[in-house]
Structures are given as structure tokens and as C-alpha cells.
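First comes the structure, then the notes that go with it.
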Amino acid sequence: MTDGAACSVCDSLARARAGDAAAFADLVRRHQRMVYSLALRMLADRHKAEDVAQEAFLQLHRKLARVQSGAHLLFWLRQVATRLAIDRLRREPRHESVPLEEDPGIASEPAAGDPLLQRHLRALIGELPPAARAVVLLRYQEDLEPVEIAEVLDMPVNTVKSHLKRSLASLRDRLGGTPGAAALPGDRQVP
Amino acid sequence: MSSDLDKPLREALRAVEPPTGFAERLAARIEREPLRRRDWRPARRWAPQALAASVLVAALGMYGWQLQRERQGLEARQQLLEALRVTGQKLDLAYRGVKDAARPATAGDAGA
């Protein structure tokens with residue numbers, strides 16, 4: 001986020017705190033993609049994802065006074081969306097559903113890379129345990145470092161690293177027989 | 001931390017837009033929120049009156065308890081007075097008995 005954008009978020013935040021509905025709508029518009037995507041990849045269900053994303057914004061609306069800055073807002077939304085999704089998964093264990101890619105309602109922009117591999121990866125991520133799934137999403141969707149993920153999920157950094165390592169190993173193993181996986185580079189690990 | 005899966009994972013996990021109408025549905029839910037909050041308002045409005053009523057009931061209870069204690073005190077006083085009166089009567093009778101017992105002897109002496 002650039003300084004200008006951050007400042008603009010601060011402005012919207014201040015106005016939203018004062019009760020300006022348009023400013024709150026602006027905050028929603030800026031963050032809805034991130035919140036909804038986290039919920040969607042966690043739950044693999046469009047309706048549940050929308051419900052969780054809306055609940056996250058409702059909680060934000062109730063607790064706006066506690067949010068201090070644009071960066072805090074981003075952190076807060078990531079944390080609440082992930083927690084709500086994990087809670088939902090614990091309450092309602094996943095059942096077999098229509099794969100997301102076959103659902104016309106969530107078509108996104110044309111995919112870069114191998115669509116088959118991406119679909120397979122998303123399916124495999126959906127099979128990871130909730131905490132490990134959240135770690136992988138925050139790492140690769142939100143591009144957070146392990147230290148930042150540890151803060152968002154309130155878990156030790158070593159646990160985050162361990163989740164990442166085990167999840168990547170599991171994904172790599174299970175991708176072994178996938179046609180798209182042949183295009184992967186070798187087991188190169190850059191520290 | 002980087003691996004051969006970094007790029008495919010980033011591509012697979014690109015953020016997607018929420019369904020059309022997301023913001024409108026959220027705004028509608030927020031609109032309904034104040035109604036839920038208003039549900040608490042009558043309770044808040046009646047709370048001082050309920051507190052005042054409770055204080056009044058407590059004060060009346062204390063007053064009643066005080067009256068009952070006073071009545072019990074009066075009854076105890078009357079019982080004590082009654083007991084003193086009965087004791088007085090008994091003492092008076094005993095005194096007369098002693099006095100009567102002494103009188104015949106005096107009369108006998110006089111007769112002799």
C-alpha cells in the first residue's frame with residue numbers, strides 16, 4: 001500500500017468512525033476482495049465465504065473505534081476473516097461441493113500460468129487442516145512473511161514455519177502425478 | 001523462504017472479487033444492526049425506575065422489620081411488668097403469711 005493510499009484509508013477510517021456511511025463503504029470497497037478471497041479459499045464455498053466476509057465487515061463496523069490506522073485495519077481484517085473462517089470450519093465440517101472453478105459466479109480475470117495445475121493446487125490446499133490452510137493462504141495470497149503470519153494467527157513463528165514446510169512438502173508429494181506438475185522446476189530451496 | 005511452488009501457488013491463490021451486490025447486501029445488514037441495538041434501549045430506560053422500585057421495596061421491608069421488632073419489645077416489656085406484678089403479689093402474700101403466723105403467738109402471750 002502506498003503512502004497516498006494509506007493516507008486515503010486513514011481519511012476514510014476517520015470519517016467512518018464519525019459515522020460517515022460513504023467512508024465505511026469506501027473501506028469495504030478497498031478490502032472486500034482480500035477478505036472475501038481469504039474466506040473463499042478457506043471454506044471453498046461461495047455462500048459461506050460471503051457470509052463470513054460480511055460478518056468480518058459487520059464486526060469492523062461495530063469496532064471501528066478500536067482500529068487505529070490503515071495498517072491496523074488490514075491486520076485486523078485478515079485476523080478476523082481467518083478466525084471466522086476457521087471457526088466456521090470447526091462448526092460445520094466441509095462436505096463435498098461443486099468445485100469452485102465450475103461455479104460461474106466466481107469467475108475472475110483470465111488466469112496466468114497453468115489452469116489445470118492451479119485448480120489441482122487449490123483442491124489440495126482445501127484438504128489441508130484449517131490452521132495450515134490459513135498459513136498457506138496468508139503466505140501466498142497475502143504475501144505475508146512468517147513473522148507477520150504468526151501475529152495474524154497468534155501462533156509461534158516456528159509453528160508457522162513448520163506448517164509451511166509440511167504443507168509444501170505435502171503439496172509437492174501429491175502433485176507428483178499431476179500433468180501440470182511436470183512443468184515445475186526441480187526441488188530447489190532458496191533460504 | 002522460497003520454493004519451486006511459490007509461483008504456482010501465488011497464481012492459484014490470486015484474490016477474486018466477491019459476488020455482485022456484496023457491498024449492497026452488507027449495507028443492508030448494517031442497516032438492520034441499529035434495530036438490534038435499539039432492543040436494549042427500553043431496558044436502559046426502565047433500569048432507573050426498576051432500581052428506584054427495588055430501593056423502595058427494600059426500605060419498606062426494613063420499616064416493617066423495625067415495626068415488628070418494636071412490637072416484640074413492647075410485648076417483652078409487658079411480660080416483664082406482668083412477671084414483676086405477679087412476683088409482687090406473691091411477696092405480698094408471703095409477707096402476710098409470715099405476719100399472720102406471728103400474730104397468734106402474740107395473742108397467746110396476751111391471753112396467758
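Every chain in the C-alpha cells has a letter given in the order shown (A, B, ...), and although residue numbers restart at 1 in each chain, ligands are simply numbered from 1 in the order shown.
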List the neighbours of Val157 of chain A out to 8 Å using only C-alpha atoms; skip same-chain residues closer than 5 positions along the sequence, and give me the result as an mmCIF file with N, CA and C atoms, in the first residue's frame.
```cif
data_model
loop_
_atom_site.group_PDB
_atom_site.id
_atom_site.type_symbol
_atom_site.label_atom_id
_atom_site.label_comp_id
_atom_site.auth_asym_id
_atom_site.auth_seq_id
_atom_site.Cartn_x
_atom_site.Cartn_y
_atom_site.Cartn_z
ATOM 1 N N PRO A 146 6.549 -15.087 7.475
ATOM 2 C CA PRO A 146 6.146 -15.932 8.620
ATOM 3 C C PRO A 146 5.917 -15.155 9.918
ATOM 4 N N VAL A 147 6.737 -14.111 10.143
ATOM 5 C CA VAL A 147 6.558 -13.333 11.385
ATOM 6 C C VAL A 147 5.190 -12.643 11.383
ATOM 7 N N ILE A 149 2.546 -13.591 9.653
ATOM 8 C CA ILE A 149 1.503 -14.632 9.747
ATOM 9 C C ILE A 149 1.324 -15.044 11.213
ATOM 10 N N ALA A 150 2.455 -15.165 11.916
ATOM 11 C CA ALA A 150 2.400 -15.548 13.329
ATOM 12 C C ALA A 150 1.588 -14.535 14.123
#
```
I'd like the contact shell of segment 12-29 of chain B - 10 Å cut-off, only C-alpha atoms, skipping same-chain residues fewer than 5 positions apart - returned as a PyMOL selection string. (chain A and resi 21+24-26+28-29+32-38+40-41+46-47+49-51+53-55+57-58+105-109+111-122+125+136-142) or (chain B and resi 6-7+34)
From A:Gln59, A:Ser69, A:Ser8, A:Thr159, residue lying nearest Ala131 of chain A [only C-alpha atoms]: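 Using only C-alpha atoms, Ala131 of chain A sits closest to A:Thr159.
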Applying 8 Å and only C-alpha atoms, which residues near Val52 of chain A remain after dropping the ones on its own chain fewer than 5 positions away? List them as number ranges by chain. A: 36, 39, 81, 84-85
Contact residues around Gln68 of chain A with only C-alpha atoms at 9 Å, ignoring same-chain residues under 4 positions, as an MDAnalysis selection string: chainID A and resid 10 13 64 72:73
Under the rule that only C-alpha atoms are counted, which of A:Val160, A:Ala16, A:Leu168, A:Cys7 is the nearest residue to chain B?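 Checking each candidate against chain B, we get A:Leu168 as the closest.
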Please determine, counting only C-alpha atoms, which residue among A:Ala56, A:Val9, A:Leu43, A:Leu27 has the shortest atom-to-atom distance to Gly70 of chain A.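 Under the stated criterion, the closest residue is A:Val9.
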Have a look at atom CA of Arg62 of chain A and atom CA of Gly19 of chain A and let me know their distance in Å, one decimal.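 Straight-line distance from atom CA of Arg62 of chain A to atom CA of Gly19 of chain A works out to 11.1 Å.
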Please, what distance in Å, to one decimal, runs between atom CA of Ile86 of chain A and atom CA of Asp4 of chain B? 27.6 Å
